[in-house]
Amino acid sequence: MRSSLDGRRLGRIAVVLTLPIALSFGSFPVLAEPSPPVSEVVPDHQSSTEQNGVALLRVIVPDEAGIDRLNSMGVDLAEYKKPVDGGFEMHAVLSPEEAQNLRDLGFNIVGKISDQTEFTENLIQRRSAVAAEAQAAAEVDTLTPLRAEWFTSLDDQNFLSVEVKSSAIDAATVLTVAWDSGKGTAPDSGGTATMSRFTDAGQYMYHRFSSPLALTAVPTTATITSNRGGSVTVPVTKWLGEKRKPPKKHYVVDFVDRYMDPTEITDRISGLAQEFPKISQIIDLPHKTNGYRRAAQAQFGTVAASTFYVTSKAYGHEGGNDISVALVKPDAASAALSVSVSGKNVVVNLGTNESSAINSTAKAVVDALNGNAAASALLTAATYRGNAGSGLVAAAVATKLTDNLKAPATVSREPFQTKALRIGKQRDGSKVGVFLYCQEHAREWVTPLTCVETAERLLRNYARDGETKKLVDNLDIFIMPTVNPDGGHYSVYDYNMQRKTMTNHCPVNAADPANRNAWGVDLNRNFSVGSVFDGYSGASTSCTSGTYAGPAELSEPEARNEVWITEQYPNIKFAMNTHSYGGYFMWAPGSYKSAGRETLPRPDFGTENFFWSASNHILSSVQSWRGNGIWPGRTGPIPDVLYSAAGNSADEHWYNRGIIGWSFEVGADVYNPQTKRFEAVGFQPPFAEGHEEAMEFSSGQIGILEVARQYADDKKKPASQVKVTDRSETSATFTFEVDEPANVYYTLDGSRPTLNSTKLLAAGMREGSQQITLDKTSDIHWFAVDIAGNVEGNYKPDGNGNNYRKAKVEVRKLP
Ligand SMILES: [Zn+2]
């Protein structure tokens with residue numbers, strides 16, 4: 001065992017310790033094997049200064065005796081012990097002097113959990129929270145109602161959902177809701193409930209219920225009261241349940257009868273294109289995937305120090321699976337370690353000492369294999385997860401390498417040709433395009449069925465259903481049912497919880513076979529807007545993380561295929577990224593930087609209103625299948641209702657190309673009337689449930705197409721008016737009301753309004769329009785423009801006309 005107290009390392013400590021403590025631990029070399037202490041000195045725990053610069057540090061000890069030694073020295077240990085390579089990780093409270101003392105004794109201190117910086121930050125956070133609480137306590141809070149709705153879900157059970165924001169943002173603010181049980185009943189006759197405080201990235205968002213509350217009667221109003229004194233009464237409106245034309249008797253549905261793998265899915269859409277050549281065609285995406293294939297591997301050894309693994313140069317199906325490796329112990333003393341290769345059989349002749357015992361370490365065997373020309377033409381060898389490999393290896397019979405892939409031969413091992421189905425009567429780019437794509441995440445098995453069901457409904461109902469004909473004749477529809485076919489195959493045949501692609505980007509210290517289910521790239525984090533590489537939250541740069549963003553933005557062919565489609569067909573104006581599960585309908589922004597919860601720019605007020613009104617239609621379509629109501633609290637911008645997802649594809653389409661990028665999570669929680677609780681459905685529910693999810697969200701995708709057609713046909717100009725909402729002796733407050741989702745541009749100085757004039761904003765997240773306060777009588781000039789570009793009164797903002805809207809808002813003494 002080598003000494004950790006050699007002169008070189010001591011010299012480095014001496015230099016490093018002149019730095020501040022946090023830095024010095026960060027740059028301290030990581031030692032795998034601490035030496036036993038030279039002498040046992042109890043560290044001095046008396047402070048020389050206030051707080052003494054103590055930190056909570058990680059100490060690695062080789063064995064239980066090492067822990068006993070720390071204890072007997074009186075070291076202040078945390079109640080924590082974690083087995084790690086080379087012993088146990090313990091956490092100790094140490095001053096710089098104590099830490100140095102332990103190092104001098106040969107202890108291996110590898111980094112800090114926390115130090116005085118966090119302590120100071122916590123004190124500052126505490127003080128500001130106390131101050132906020134004191135200020136809030138001093139005044140009555142203002143309650144801003146965001147949403148108050150009732151809706152129906154499975155079995156006609158009704159639910160209540162309420163969201164309210166208090167101006168007192170501290171945690172001591174408690175809001176209670178009371179609701180009536182119908183018109184003319186007592187305000188609290190329906191029930192009362194305490195709301196949950198919703199915070200994200202350390203910021204107060206609003207108060208809500210953690211899940212909607214079951215109702216016995218439909219309420220007309222809800223009254224929210226705060227323990228800070230605030231109170232507000234709001235009408236409870238109906239969410240979803242938009243009246244829809246009942247489908248024609250001959251409208252056919254239900255074309256999926258089992259979960260399908262990506263090969264079957266792709267064959268299905270190819271078959272559809274052949275059957276319906278007049279109104280559909282296959283598009284071969286230009287970037288083939290890496291393929292359902294892996295290098296072959298074998299691992300030898302049982303403990304980390306003596307373990308190594310080999311990886312074939314050729315993919316398993318291209319010869320890697322035929323390679324074998326044997327570790328042979330020669331029947332002789334003082335034999336030299338050597339490697340011989342015959343065909344694809346590699347034999348390692350282990351070295352022995354004078355008494356014929358094996359003396360080859362894992363590291364020596366790895367070097368011998370990698371140094372042998374014939375062996376290294378077949379494979380590469382590595383120690384286990386970066387271990388030094390100083391343990392002795394044991395003999396082993398010839399072991400075949402394997403790629404561990406279990407799919408039948410019907411699944412090709414070659415790079416996969418991803419396909420999209422383009423549906424439309426006129427596929428020349430002249431119609432509004434809609435891009436529906438599914439299964440970015442491999443394990444979300446319902447999602448490709450949803451896309452396939454939608455394609456079948458459009459093609460098979462075209463001839464006889466007038467509504468379907470209108471969609472196919474007036475839109476250009478691109479359906480990509482499986483974005484991630486390699487991962488999809490792996491999920492069906494090898495590891496059902498596979499989320500990412502199959503491509504392994506890990507270096508040798510994480511590429512051993514036991515990590516094979518953790519490799520791959522999270523495609524919905526690999527895009528180029530608001531990515532982890534730009535500093536946004538909700539993705540990882542660790543190759544084994546579930547949300548690994550890949551080595552770079554758009555590094556993966558699967559992600560580039562999506563971008564290609566939106567660039568190749570610039571008529572695409574809408575996109576739906578279908579995932580599972582939870583029952584969500586979401587839009588941009590999709591991510592934020594954690595510091596200050598700084599989101600990507602929010603869509604403007606008119607666009608956000610368009611999203612809410614589209615939600616009503618699309619989610620009513622989902623509900624029309626079996627009554628399942630998507631919650632208001634699961635509808636909205638991604639980070640406001642789920643979490644920040646840095647580098648997701650919906651943001652790519654919206655921010656880079658102006659495509660309205662929506663995301664579904666199919667698989668809404670199902671209410672259990674026995675337990676009176678919502679129950680989550682998971683990624684791969686029993687097929688009976690999975691089938692229902694595919695049907696209802698296919699209805700939702702058809703709803704999206706209807707929204708797109710309405711957008712394409714929208715010739716109606718918006719109409720708006722000024723509404724004064726408050727007056728005092730010295731001021732007047734107003735806002736604008738529009739008869740459809742639209743943006744309002746206005747001036748207050750009598751000038752001509754243009755698209756560069758001030759735009760009406762939302763008052764806040766999930767709130768209504770901004771209120772504008774004037775301190776003197778003003779002429780308001782304005783116009784409204786809807787999402788399809790129709791301008792109120794046919795006004796030309798970039799022209800010279802003055803046919804914009806005009807009103808005078810007066811500030812005057814009240815009579
Ligand atoms: Zn997903």
# chains A, B, ... in the order shown; residues from 1 in each chain; ligands from 1
call {"tool": "residues_around", "arguments": {"residues": "range 175-192 of chain A", "least_positions_apart": "4", "cutoff": "7 Å", "atoms": "only C-alpha atoms", "output": "list in words"}}
result
Ala217, Val218, Pro219, Thr220, Thr221, Ala222, Thr223, Ile224, Thr225, Ser226 and Asn227 of chain A
call {"tool": "closest_atom_pairs", "arguments": {"of": "chain A", "to": "ligand 1", "cutoff": "12 Å", "atoms": "only C-alpha atoms and all ligand atoms", "output": "Markdown table"}}
result
| residue | atom | partner | partner_atom_place_in_ligand_line | distance |
| --- | --- | --- | --- | --- |
| A:Tyr437 | CA | ligand 1 | 1 (Zn) | 11.7 |
| A:Cys438 | CA | ligand 1 | 1 (Zn) | 9.1 |
| A:Gln439 | CA | ligand 1 | 1 (Zn) | 7.3 |
| A:Glu440 | CA | ligand 1 | 1 (Zn) | 6.5 |
| A:His441 | CA | ligand 1 | 1 (Zn) | 4.7 |
| A:Ala442 | CA | ligand 1 | 1 (Zn) | 8.0 |
| A:Arg443 | CA | ligand 1 | 1 (Zn) | 8.1 |
| A:Glu444 | CA | ligand 1 | 1 (Zn) | 6.5 |
| A:Trp445 | CA | ligand 1 | 1 (Zn) | 10.1 |
| A:Val446 | CA | ligand 1 | 1 (Zn) | 10.9 |
| A:Thr447 | CA | ligand 1 | 1 (Zn) | 9.1 |
| A:Pro448 | CA | ligand 1 | 1 (Zn) | 11.8 |
| A:Val483 | CA | ligand 1 | 1 (Zn) | 11.4 |
| A:Asn484 | CA | ligand 1 | 1 (Zn) | 11.0 |
| A:Met497 | CA | ligand 1 | 1 (Zn) | 11.5 |
| A:Gln498 | CA | ligand 1 | 1 (Zn) | 10.9 |
| A:Arg499 | CA | ligand 1 | 1 (Zn) | 7.5 |
| A:Lys500 | CA | ligand 1 | 1 (Zn) | 9.3 |
| A:Asp522 | CA | ligand 1 | 1 (Zn) | 9.0 |
| A:Leu523 | CA | ligand 1 | 1 (Zn) | 9.2 |
| A:Asn524 | CA | ligand 1 | 1 (Zn) | 7.5 |
| A:Arg525 | CA | ligand 1 | 1 (Zn) | 10.4 |
| A:Gly546 | CA | ligand 1 | 1 (Zn) | 11.0 |
| A:Thr547 | CA | ligand 1 | 1 (Zn) | 10.4 |
| A:Asn577 | CA | ligand 1 | 1 (Zn) | 8.9 |
| A:Thr578 | CA | ligand 1 | 1 (Zn) | 7.5 |
| A:His579 | CA | ligand 1 | 1 (Zn) | 4.3 |
| A:Ser580 | CA | ligand 1 | 1 (Zn) | 5.5 |
| A:Tyr581 | CA | ligand 1 | 1 (Zn) | 7.5 |
| A:Gly582 | CA | ligand 1 | 1 (Zn) | 10.4 |
| A:Gly583 | CA | ligand 1 | 1 (Zn) | 11.8 |
| A:Tyr584 | CA | ligand 1 | 1 (Zn) | 11.4 |
| A:Leu642 | CA | ligand 1 | 1 (Zn) | 12.0 |
| A:Ala645 | CA | ligand 1 | 1 (Zn) | 10.6 |
| A:Asn648 | CA | ligand 1 | 1 (Zn) | 10.2 |
| A:Ser649 | CA | ligand 1 | 1 (Zn) | 11.1 |
| A:Ser663 | CA | ligand 1 | 1 (Zn) | 9.6 |
| A:Phe664 | CA | ligand 1 | 1 (Zn) | 9.1 |
| A:Glu665 | CA | ligand 1 | 1 (Zn) | 7.4 |
| A:Val666 | CA | ligand 1 | 1 (Zn) | 9.6 |
| A:Gly667 | CA | ligand 1 | 1 (Zn) | 11.5 |
| A:Gly682 | CA | ligand 1 | 1 (Zn) | 11.4 |
| A:Phe683 | CA | ligand 1 | 1 (Zn) | 9.1 |
call {"tool": "select_by_dssp", "arguments": {"residues": "range 656-801 of chain A", "states": "helix (DSSP H, G or I)", "output": "ChimeraX atom specification"}}
result
/A:656-657,687-713,792-794
call {"tool": "select_by_dssp", "arguments": {"residues": "range 130-314 of chain A", "states": "strand (DSSP E or B)", "output": "PyMOL selection string"}}
result
chain A and resi 143-153+157-166+175-179+191-194+196-200+203-208+213-215+221-226+231-235+237-238+280-284+295-300+308-314
call {"tool": "closest_residue", "arguments": {"among": "A:Ser128, A:Thr773, A:Asn672, A:Thr263", "to": "Phe416 in chain A", "atoms": "only C-alpha atoms"}}
result
A:Thr263
call {"tool": "residues_around", "arguments": {"residues": "Ser699 in chain A", "least_positions_apart": "5", "cutoff": "12 Å", "atoms": "only C-alpha atoms", "output": "ChimeraX atom specification"}}
result
/A:244,247,253-254,450-458,617-628,666,692-694,704-706
call {"tool": "closest_residue", "arguments": {"among": "A:Arg805, A:Asn370, A:Tyr292, A:Pro513", "to": "Thr402 in chain A", "atoms": "only C-alpha atoms"}}
result
A:Pro513
call {"tool": "residues_around", "arguments": {"residues": "Ala742 in chain A", "least_positions_apart": "2", "cutoff": "9 Å", "atoms": "only C-alpha atoms", "output": "ChimeraX atom specification"}}
result
/A:605-607,609-610,718,738-740,744,784-787
call {"tool": "atom_distance", "arguments": {"atom1": "CA of Gly647 in chain A", "atom2": "CA of Ala549 in chain A"}}
result
7.6 Å
call {"tool": "residues_around", "arguments": {"residues": "Gly87 in chain A", "least_positions_apart": "2", "cutoff": "8 Å", "atoms": "only C-alpha atoms", "output": "count of residues only"}}
result
8
